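Pasted below: final.txt, compact mmCIF, C-alpha atoms.
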# COMPACT_ATOMS: atom_id res chain seq x y z
CA MET A 89 4.98 -0.79 -27.34
CA THR A 90 2.58 -1.81 -24.66
CA THR A 91 0.24 -4.46 -25.80
CA GLY A 92 -2.24 -6.74 -24.22
CA ALA A 93 -0.04 -9.67 -25.11
CA ALA A 94 2.65 -8.19 -22.86
CA LEU A 95 0.43 -8.64 -19.82
CA SER A 96 1.31 -11.55 -17.62
CA CYS A 97 -0.83 -13.69 -15.38
CA PRO A 98 -0.91 -12.27 -11.84
CA LYS A 99 -0.82 -15.80 -10.44
CA CYS A 100 1.84 -17.68 -12.43
CA LYS A 101 3.53 -14.63 -14.04
CA ARG A 102 3.52 -16.20 -17.51
CA ALA A 103 2.56 -14.12 -20.53
CA LEU A 104 -1.12 -14.08 -21.40
CA ASP A 105 -1.48 -14.84 -25.08
CA SER A 106 -4.57 -14.41 -27.22
CA SER A 107 -5.96 -17.80 -26.24
CA CYS A 108 -6.24 -16.61 -22.62
CA TRP A 109 -8.65 -13.78 -23.35
CA VAL A 110 -12.38 -14.30 -23.70
CA ASP A 111 -12.91 -10.59 -24.29
CA ASP A 112 -11.36 -7.29 -23.20
CA ALA A 113 -12.75 -7.78 -19.71
CA GLY A 114 -11.15 -11.07 -18.81
CA GLY A 115 -10.39 -14.67 -19.46
CA ALA A 116 -8.37 -17.46 -17.92
CA CYS A 117 -4.66 -18.17 -17.87
CA ALA A 118 -3.79 -21.01 -20.24
CA HIS A 119 -1.04 -22.22 -17.93
CA CYS A 120 -2.43 -22.07 -14.39
CA LEU A 121 -6.09 -22.01 -15.50
CA ARG A 122 -6.80 -19.16 -13.08
CA PRO A 123 -9.76 -17.10 -14.32
CA PHE A 124 -9.33 -13.34 -14.15
CA GLU A 125 -11.16 -10.12 -14.79
CA PHE A 126 -9.30 -7.20 -16.25
CA VAL A 127 -10.23 -3.54 -15.94
CA PRO A 128 -8.30 -1.77 -18.72
CA PHE A 129 -7.33 1.89 -18.94
CA PRO A 130 -6.08 3.99 -21.88
CA ALA A 131 -2.43 3.55 -20.86
CA LEU A 132 -2.70 -0.08 -21.92
CA ARG A 133 -3.07 0.94 -25.55
CA ALA A 134 -0.96 4.06 -25.41
CA ARG A 135 1.96 4.68 -27.68
CA ARG A 136 5.19 4.97 -25.75
CA ARG A 137 6.52 8.52 -25.91
CA VAL A 138 9.77 8.65 -27.85
CA ILE A 139 12.10 11.45 -26.86
CA ARG A 140 14.48 12.68 -29.57
CA PRO A 141 16.87 15.48 -28.69
CA GLN A 142 17.44 18.21 -31.25
CA ALA A 143 20.95 19.08 -32.34
CA VAL A 144 22.29 22.57 -31.74
CA ALA A 145 21.72 24.47 -34.97
CA GLY A 146 23.69 27.67 -34.49
CA GLY A 147 26.13 29.37 -32.18
CA GLY A 148 23.43 31.42 -30.48
CA GLU A 149 21.48 28.44 -29.16
CA ALA A 150 21.92 27.13 -25.68
CA SER A 151 23.14 23.58 -25.40
CA CYS A 152 22.48 20.92 -22.79
CA PHE A 153 24.78 20.99 -19.78
CA PHE A 154 25.34 17.25 -20.04
CA HIS A 155 25.26 16.86 -23.85
CA ALA A 156 27.04 19.69 -25.62
CA ASP A 157 25.65 18.62 -29.01
CA ASN A 158 22.00 18.68 -27.93
CA ARG A 159 19.87 21.80 -27.92
CA ALA A 160 18.62 22.87 -24.48
CA GLU A 161 14.87 22.51 -24.23
CA SER A 162 14.17 23.21 -20.59
CA VAL A 163 15.70 24.46 -17.38
CA CYS A 164 16.22 22.20 -14.39
CA GLU A 165 14.20 23.54 -11.47
CA GLY A 166 16.73 22.18 -9.03
CA CYS A 167 19.96 23.74 -10.25
CA GLY A 168 18.95 26.03 -13.13
CA ARG A 169 21.04 24.21 -15.72
CA PHE A 170 19.90 24.07 -19.32
CA VAL A 171 19.04 20.50 -20.22
CA CYS A 172 17.98 18.69 -23.40
CA ALA A 173 14.86 16.60 -23.80
CA VAL A 174 16.72 13.47 -22.74
CA CYS A 175 18.04 14.96 -19.51
CA SER A 176 14.85 16.76 -18.49
CA VAL A 177 12.97 14.30 -16.31
CA ASP A 178 9.53 15.00 -14.93
CA PHE A 179 10.18 14.17 -11.30
CA ALA A 180 7.39 14.58 -8.77
CA GLY A 181 5.81 17.17 -11.05
CA ARG A 182 8.99 19.19 -11.65
CA PRO A 183 11.47 19.07 -14.52
CA LEU A 184 14.80 18.05 -13.00
CA CYS A 185 18.14 16.96 -14.36
CA PRO A 186 19.58 13.53 -13.43
CA ALA A 187 22.09 15.07 -11.03
CA CYS A 188 19.37 16.85 -9.05
CA ILE A 189 17.26 13.72 -8.97
CA ALA A 190 20.18 11.84 -7.47
CA THR A 191 20.61 14.42 -4.73
CA LYS A 192 16.96 15.22 -4.03
CA LYS A 193 15.64 11.70 -4.14
CA ASP A 194 15.85 11.14 -0.42
CA ALA A 195 14.44 14.51 0.52
CA ALA A 196 11.46 14.92 -1.81
CA ALA A 197 8.20 14.02 -0.08
CA GLY A 198 6.80 12.67 -3.32
CA VAL A 199 9.37 9.92 -3.56
CA VAL A 200 9.82 8.85 0.03
CA LYS A 201 10.08 5.07 0.01
CA GLU A 202 9.94 4.37 3.72
CA ARG A 203 9.76 6.04 7.09
CA VAL A 204 10.50 5.09 10.65
CA LEU A 205 7.49 5.72 12.86
CA TYR A 206 9.02 7.23 15.97
CA ASP A 207 5.59 7.79 17.44
CA GLY A 208 4.81 4.09 17.16
CA ILE A 209 8.14 3.10 18.73
CA ALA A 210 7.75 5.58 21.59
CA PHE A 211 4.15 4.55 22.17
CA GLY A 212 5.11 0.87 22.28
CA LEU A 213 8.05 1.56 24.59
CA ALA A 214 5.91 3.58 26.95
CA LEU A 215 2.83 1.36 27.01
CA LEU A 216 3.77 -2.30 26.58
CA PRO A 217 6.38 -2.55 29.38
CA MET A 218 3.69 -1.52 31.88
CA LEU A 219 2.53 -5.13 31.68
CA LEU A 220 5.84 -6.00 33.36
CA TRP A 221 6.25 -2.80 35.33
CA PRO A 222 9.83 -3.17 36.71
CA THR A 223 11.11 -2.96 33.12
CA THR A 224 9.81 0.60 32.92
CA LEU A 225 12.90 1.63 34.88
CA ILE A 226 14.77 1.20 31.60
CA THR A 227 12.05 1.65 28.99
CA ALA A 228 10.60 4.93 30.32
CA PRO A 229 13.80 6.96 29.74
CA ALA A 230 14.19 5.17 26.41
CA ALA A 231 10.64 6.12 25.42
CA LEU A 232 11.26 9.73 26.43
CA GLY A 233 14.45 9.71 24.37
CA VAL A 234 12.60 8.40 21.32
CA VAL A 235 9.95 11.11 21.80
CA ILE A 236 12.64 13.80 21.87
CA VAL A 237 14.52 12.36 18.89
CA GLY A 238 11.37 11.71 16.90
CA TRP A 239 9.74 15.06 17.56
CA LYS A 240 11.49 16.79 14.66
CA LYS A 241 11.61 13.76 12.40
CA PRO A 242 9.13 13.50 9.53
CA ALA A 243 6.04 11.56 10.46
CA SER A 244 4.03 9.05 8.49
CA LEU A 245 2.88 10.26 5.08
CA VAL A 246 -0.68 9.19 5.72
CA ARG A 247 -1.35 9.37 9.43
CA ARG A 248 -2.65 12.64 10.76
CA GLY A 249 -1.55 14.05 14.06
CA ARG A 250 1.03 12.97 16.56
CA TRP A 251 -1.07 12.03 19.54
CA ARG A 252 1.03 8.90 20.05
CA LEU A 253 4.12 11.03 20.70
CA TRP A 254 2.21 13.17 23.17
CA VAL A 255 0.78 10.16 25.02
CA ALA A 256 4.13 8.33 24.98
CA GLY A 257 5.92 11.40 26.35
CA LEU A 258 3.32 11.85 29.07
CA LEU A 259 3.43 8.19 30.07
CA ALA A 260 7.23 8.17 30.08
CA ILE A 261 7.35 11.27 32.31
CA LEU A 262 4.80 9.73 34.69
CA GLN A 263 6.78 6.49 34.87
CA ILE A 264 10.05 8.33 35.49
CA GLY A 265 8.30 10.47 38.11
CA ALA A 266 6.99 7.35 39.81
CA TRP A 267 10.47 5.81 39.90
CA VAL A 268 11.97 9.01 41.31
CA PHE A 269 9.24 9.13 43.97
CA LEU A 270 9.84 5.48 44.83
CA GLY A 271 13.58 5.99 45.00
CA LEU A 272 13.29 9.07 47.22
CA THR A 273 10.83 7.36 49.53
CA LEU A 274 13.10 4.36 49.95
CA PHE A 275 16.11 6.62 50.43
CA LEU A 276 14.42 8.72 53.12
CA LYS A 277 13.27 5.64 54.99
CA MET B 96 8.94 18.80 8.76
CA SER B 97 7.76 19.63 12.23
CA ALA B 98 4.94 18.11 14.18
CA GLY B 99 2.75 21.09 13.64
CA THR B 100 2.83 21.00 9.87
CA ASP B 101 1.75 17.38 9.42
CA LYS B 102 -1.98 18.07 9.41
CA THR B 103 -1.65 20.29 6.38
CA THR B 104 0.86 18.16 4.50
CA THR B 105 -1.09 14.92 4.39
CA PRO B 106 -2.74 15.00 0.99
CA TYR B 107 -3.96 11.42 1.10
CA VAL B 108 -7.47 10.06 1.32
CA ARG B 109 -7.89 6.51 2.54
CA LEU B 110 -9.44 4.16 0.02
CA ALA B 111 -9.14 0.88 1.88
CA ARG B 112 -8.51 0.14 5.51
CA ALA B 113 -5.44 -1.64 6.78
CA ARG B 114 -5.35 -5.35 6.12
CA GLY B 115 -2.68 -7.92 6.53
CA GLY B 116 -1.22 -10.76 8.46
CA VAL B 117 1.02 -11.19 11.45
CA GLY B 118 3.53 -8.39 11.90
CA SER B 119 2.51 -6.11 9.08
CA TYR B 120 -0.56 -4.61 7.50
CA ALA B 121 -1.23 -2.63 4.35
CA SER B 122 -3.62 0.16 3.48
CA LEU B 123 -4.43 1.96 0.23
CA TRP B 124 -4.54 5.73 -0.12
CA LEU B 125 -5.34 8.14 -2.90
CA GLY B 126 -2.97 11.05 -3.45
CA GLY B 127 -3.18 13.91 -5.90
CA ASP B 128 -1.89 11.94 -8.87
CA HIS B 129 -1.15 8.51 -7.53
CA LEU B 130 -2.28 5.60 -5.43
CA LEU B 131 -0.19 4.92 -2.36
CA LEU B 132 0.12 1.44 -0.93
CA VAL B 133 1.37 1.68 2.64
CA THR B 134 2.80 -1.41 4.28
CA SER B 135 3.36 -0.86 7.98
CA SER B 136 4.63 -2.81 10.95
CA GLY B 137 3.55 -0.12 13.39
CA TYR B 138 7.16 1.04 13.75
CA HIS B 139 8.12 1.38 10.11
CA GLU B 140 6.23 2.15 6.91
CA ARG B 141 7.06 1.33 3.30
CA TYR B 142 5.43 3.22 0.45
CA GLN B 143 4.64 2.02 -3.04
CA ARG B 144 3.23 4.49 -5.56
CA PHE B 145 1.13 3.87 -8.64
CA HIS B 146 0.78 7.00 -10.72
CA LEU B 147 -2.71 7.33 -12.15
CA GLY B 148 -1.29 8.22 -15.55
CA GLU B 149 0.68 4.97 -15.69
CA ILE B 150 -1.88 2.43 -14.53
CA LYS B 151 -2.69 0.13 -17.43
CA GLY B 152 -5.36 -1.77 -15.62
CA PHE B 153 -6.33 -3.96 -12.71
CA PHE B 154 -6.42 -7.72 -12.62
CA ILE B 155 -9.12 -9.14 -10.37
CA THR B 156 -8.91 -12.80 -9.50
CA ARG B 157 -10.99 -14.83 -7.11
CA SER B 158 -9.60 -15.92 -3.79
CA ARG B 159 -10.84 -18.92 -1.87
CA ILE B 160 -9.58 -17.81 1.54
CA ALA B 161 -13.01 -16.63 2.71
CA ALA B 162 -14.68 -19.78 1.41
CA VAL B 163 -12.13 -22.05 3.09
CA THR B 164 -12.44 -20.13 6.35
CA LEU B 165 -16.21 -20.47 6.21
CA LEU B 166 -16.02 -24.16 5.40
CA VAL B 167 -13.51 -25.07 8.09
CA SER B 168 -14.99 -22.93 10.84
CA GLY B 169 -18.51 -24.06 9.87
CA ALA B 170 -17.49 -27.70 10.08
CA ILE B 171 -15.84 -27.17 13.48
CA ALA B 172 -18.86 -25.25 14.76
CA LEU B 173 -21.22 -27.95 13.54
CA THR B 174 -19.15 -30.71 15.12
CA ALA B 175 -18.99 -28.83 18.41
CA ALA B 176 -22.74 -28.18 18.34
CA ILE B 177 -23.54 -31.83 17.70
CA ALA B 178 -21.13 -32.91 20.43
CA GLY B 179 -22.76 -30.43 22.80
CA CYS B 180 -26.21 -31.76 22.01
CA VAL B 181 -25.08 -35.36 22.57
CA ILE B 182 -23.54 -34.45 25.92
CA MET B 183 -26.71 -32.60 26.95
CA LEU B 184 -28.90 -35.55 25.95
CA ASP B 185 -26.72 -37.76 28.13
CA GLY B 186 -27.44 -35.40 31.00
CA GLY B 187 -23.97 -33.91 31.09
CA MET B 188 -22.77 -30.34 30.96
CA PRO B 189 -21.32 -29.41 27.53
CA VAL B 190 -18.32 -27.38 28.71
CA TRP B 191 -15.67 -28.06 26.09
CA PRO B 192 -18.06 -27.73 23.11
CA TRP B 193 -18.68 -24.14 24.15
CA PHE B 194 -14.96 -23.41 24.11
CA VAL B 195 -14.81 -24.74 20.56
CA LEU B 196 -18.14 -23.45 19.33
CA VAL B 197 -17.71 -19.80 20.29
CA PRO B 198 -14.36 -19.21 18.50
CA ALA B 199 -15.59 -21.21 15.50
CA VAL B 200 -18.70 -19.05 15.22
CA ILE B 201 -16.57 -15.91 15.57
CA PHE B 202 -14.32 -17.12 12.75
CA LEU B 203 -17.40 -18.02 10.73
CA VAL B 204 -18.86 -14.53 11.05
CA LEU B 205 -15.55 -12.74 10.52
CA GLY B 206 -14.72 -14.91 7.52
CA GLY B 207 -18.12 -14.28 5.99
CA LEU B 208 -18.06 -10.55 6.58
CA PHE B 209 -14.40 -9.67 6.12
CA GLY B 210 -12.65 -12.67 4.57
CA ARG B 211 -10.72 -12.27 1.36
CA ASN B 212 -12.72 -13.30 -1.67
CA CYS B 213 -10.70 -11.53 -4.35
CA ARG B 214 -7.17 -10.44 -5.15
CA VAL B 215 -6.47 -7.24 -7.05
CA HIS B 216 -3.25 -6.55 -8.94
CA ALA B 217 -2.41 -3.13 -10.33
CA VAL B 218 -0.62 -3.27 -13.67
CA THR B 219 1.78 -0.50 -14.69
CA GLY B 220 4.56 -0.38 -17.25
CA VAL B 221 7.10 -1.78 -14.82
CA GLN B 222 5.24 -3.93 -12.35
CA THR B 223 2.20 -5.98 -11.53
CA ALA B 224 1.66 -5.47 -7.82
CA LEU B 225 -0.82 -7.05 -5.44
CA LEU B 226 -3.01 -4.52 -3.68
CA VAL B 227 -3.37 -6.35 -0.38
CA PRO B 228 -6.05 -4.07 1.14
CA LEU B 229 -8.51 -4.77 -1.67
CA ALA B 230 -9.90 -8.08 -0.49
CA ARG B 231 -13.65 -7.99 -1.07
CA ARG B 232 -15.19 -7.97 -4.53
CA ARG B 233 -17.85 -5.42 -3.69
CA GLN B 234 -15.39 -3.07 -2.01
CA THR B 235 -13.06 -3.41 -4.99
CA GLY B 236 -15.84 -2.57 -7.41
CA LYS B 237 -16.69 0.59 -5.48
CA ILE B 238 -13.08 1.72 -5.30
CA LEU B 239 -12.42 1.06 -8.99
CA GLU B 240 -15.55 3.02 -9.92
CA ARG B 241 -14.22 5.87 -7.82
CA LEU B 242 -10.80 5.66 -9.45
CA ARG B 243 -11.97 5.22 -13.03
CA PRO B 244 -12.72 8.90 -13.80
CA LEU B 245 -9.50 10.01 -12.09
CA ILE B 246 -7.37 7.56 -14.05
CA GLU B 247 -9.10 8.34 -17.32
CA GLU B 248 -8.61 12.04 -16.70
CA ALA B 249 -4.92 11.50 -15.94
CA GLN B 250 -4.52 9.46 -19.13
CA ALA B 251 -6.59 11.74 -21.37
CA GLY B 252 -3.54 13.02 -23.23
CA LEU B 253 -2.11 9.63 -24.13
CA GLU B 254 -1.93 8.76 -27.81
CA ALA B 255 -3.38 5.42 -28.77
CA ALA B 256 -1.00 3.11 -30.53
CA SER B 257 -1.86 2.09 -34.06
CA PRO B 258 -2.95 -0.53 -34.80
CA PRO B 259 -4.96 -0.89 -31.58
CA SER B 260 -3.24 -3.42 -29.41
CA GLY B 261 -5.26 -4.05 -26.30
CA PRO B 262 -5.90 -7.47 -24.96
CA PRO B 263 -5.73 -9.66 -28.04
CA SER B 264 -8.99 -10.82 -29.49
CA PRO B 265 -9.84 -14.47 -29.00
CA PRO B 266 -8.81 -16.80 -31.81
CA PRO B 267 -11.49 -17.83 -34.29
CA VAL B 268 -13.37 -20.93 -33.29
CA PRO B 269 -12.68 -23.69 -35.82
CA LEU B 270 -15.73 -24.89 -37.67
CA PRO B 271 -16.66 -28.52 -37.08

Please go through the file and, once you have read it, give me the structure as structure tokens.
Amino acid sequence: MTTGAALSCPKCKRALDSSCWVDDAGGACAHCLRPFEFVPFPALRARRRVIRPQAVAGGGEASCFFHADNRAESVCEGCGRFVCAVCSVDFAGRPLCPACIATKKDAAAGVVKERVLYDGIAFGLALLPMLLWPTTLITAPAALGVVIVGWKKPASLVRRGRWRLWVAGLLAILQIGAWVFLGLTLFLK
Amino acid sequence: MSAGTDKTTTPYVRLARARGGVGSYASLWLGGDHLLLVTSSGYHERYQRFHLGEIKGFFITRSRIAAVTLLVSGAIALTAAIAGCVIMLDGGMPVWPWFVLVPAVIFLVLGGLFGRNCRVHAVTGVQTALLVPLARRRQTGKILERLRPLIEEAQAGLEAASPPSGPPSPPPVPLP
């Protein structure tokens, strides 16, 4: 059960006992003496939901795909299997079975843990080497490559638009064009 | 996901601007049913979610970073100003005090306006995580007021434990 006593000090990580609290809104840690305010929400006092699967009563009842003795209580939206209350997990707003969670975890937008920002890499590769322009002979094709590779890759979850990719691509093409022009000019001379 | 669909698939509203140190910065966003803490290096982003229905509360503690910045930069600015005055009174040209005074004043202003004066930790059932972007007490108050109805709405269906077991009440004060 979640209780206030289970809260720990954000500074020293030790449990905050009753002597630490002045009132519901704050107090000071008895160990590190760090004063704190606390803004509580109903989940602090909530009863933890206990899930108890029901046993299959008769032959006509559907049973869980993973637990043959448990009565099926929902259908996995990923694979359509009947699952019991234990196996039905609310995952990113959908009831899924553990097997589907394992396979969909990397793909579901709601559970993405990290992303590579190809637009940021391409932008940096196209822009920064211009400070030391001869390096653009190598970095411009690299930037164009990153633009091409990153074009179909998922972007940041929070940034809107892909202007960096556009600008990086344009800069990379200009730099490559400039090198081609320079090379042709030198060759013709 | 293609480039063209990104504008419609970004359901996040920014709560706090990016903040951080050297090499990485963090920002806080509000999604449909969760807070999203984004830590970015410019080339890579990491996401940490706090579902509104699972947030037990927020710890707010004071931070002295802004005060220390103000104190140190103020002392340096004052020293440089005094040195400049002394040099001017001697008939000299106070060149180096300007080079010290200007950055010190910039730090003074930035520290006063944007320096960290609080730390906010979000508490859920499994973690107590520092919300780096929430650094100013006033800004934090505004954001928590904005979040409060959303969190309470998300937690409306939760059953209260019995007996009530929030932050424990203070022990009785012994009589003299």

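Shortest atom-to-atom contact with B:Gly126 among B:His139, B:Lys151, B:His146, B:Arg114: B:His146, counting only C-alpha atoms.
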
Selection near B:Phe153, 12 Å with all atoms listed in the file, sequence-local residues under 2 positions removed, as an NGL selection string: (:A and (95-98 or 113-114 or 124-129 or 131-132)) or (:B and (145 or 147 or 149-151 or 155-156 or 214-219 or 222-226 or 229 or 235-236 or 238-240 or 242-243 or 246))

Hey, can you spit out that residue selection with C-alpha atoms as a short mmCIF file (atom, residue, chain, number, x, y, z; two decimals), in the coordinates of the input?
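Writing done, so here's out20.cif:
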data_model
loop_
_atom_site.label_atom_id
_atom_site.label_comp_id
_atom_site.auth_asym_id
_atom_site.auth_seq_id
_atom_site.Cartn_x
_atom_site.Cartn_y
_atom_site.Cartn_z
CA LEU A 95 0.43 -8.64 -19.82
CA SER A 96 1.31 -11.55 -17.62
CA CYS A 97 -0.83 -13.69 -15.38
CA PRO A 98 -0.91 -12.27 -11.84
CA ALA A 113 -12.75 -7.78 -19.71
CA GLY A 114 -11.15 -11.07 -18.81
CA PHE A 124 -9.33 -13.34 -14.15
CA GLU A 125 -11.16 -10.12 -14.79
CA PHE A 126 -9.30 -7.20 -16.25
CA VAL A 127 -10.23 -3.54 -15.94
CA PRO A 128 -8.30 -1.77 -18.72
CA PHE A 129 -7.33 1.89 -18.94
CA ALA A 131 -2.43 3.55 -20.86
CA LEU A 132 -2.70 -0.08 -21.92
CA PHE B 145 1.13 3.87 -8.64
CA LEU B 147 -2.71 7.33 -12.15
CA GLU B 149 0.68 4.97 -15.69
CA ILE B 150 -1.88 2.43 -14.53
CA LYS B 151 -2.69 0.13 -17.43
CA ILE B 155 -9.12 -9.14 -10.37
CA THR B 156 -8.91 -12.80 -9.50
CA ARG B 214 -7.17 -10.44 -5.15
CA VAL B 215 -6.47 -7.24 -7.05
CA HIS B 216 -3.25 -6.55 -8.94
CA ALA B 217 -2.41 -3.13 -10.33
CA VAL B 218 -0.62 -3.27 -13.67
CA THR B 219 1.78 -0.50 -14.69
CA GLN B 222 5.24 -3.93 -12.35
CA THR B 223 2.20 -5.98 -11.53
CA ALA B 224 1.66 -5.47 -7.82
CA LEU B 225 -0.82 -7.05 -5.44
CA LEU B 226 -3.01 -4.52 -3.68
CA LEU B 229 -8.51 -4.77 -1.67
CA THR B 235 -13.06 -3.41 -4.99
CA GLY B 236 -15.84 -2.57 -7.41
CA ILE B 238 -13.08 1.72 -5.30
CA LEU B 239 -12.42 1.06 -8.99
CA GLU B 240 -15.55 3.02 -9.92
CA LEU B 242 -10.80 5.66 -9.45
CA ARG B 243 -11.97 5.22 -13.03
CA ILE B 246 -7.37 7.56 -14.05
#

Polymer residues at most 7 Å from stretch 174-180 of chain A, all atoms listed in the file, same-chain spacing of 6 or more positions, as a PyMOL selection string: chain A and resi 139+141+162+164+186+198

Chain A residues near chain B (8 Å cut-off, only C-alpha atoms) as a ChimeraX atom specification: /A:89-93,98,105-112,122-135,200-209,239-250

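The neighbours of stretch 215-224 of chain A here are the residues that come within 9 Å of it, using only C-alpha atoms and leaving out any residue fewer than 3 positions away in the same chain; they are Ala210, Phe211, Gly212, Thr227, Ala228, Pro229, Ala256, Leu259, Ala260, Gln263, Ile264 and Trp267 of chain A.
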
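From atom CA of B:Ala121 back to atom CA of A:Trp254, the distance works out to 24.8 Å.
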
Nearest-residue call for A:Ser151, choices A:Arg169, A:Arg182, A:Lys101, A:Arg252, using all atoms listed in the file: A:Arg169

Selection: 9 Å around A:Ala143, all atoms listed in the file, excl. self and same-chain fewer than 6 positions, as a VMD selection string: chain A and resid 151 157 to 159

Length of the atom CA of A:Leu213 to atom CA of A:Phe275 vector [Å]: 27.5 Å

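Atom CA of B:Gly206 is found 18.2 Å from atom CA of B:Ala175.
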
Residue with smallest distance to B:Leu173 - pool B:Val190, B:Phe209, B:Ser158, B:Val195, counting only C-alpha atoms: B:Val195
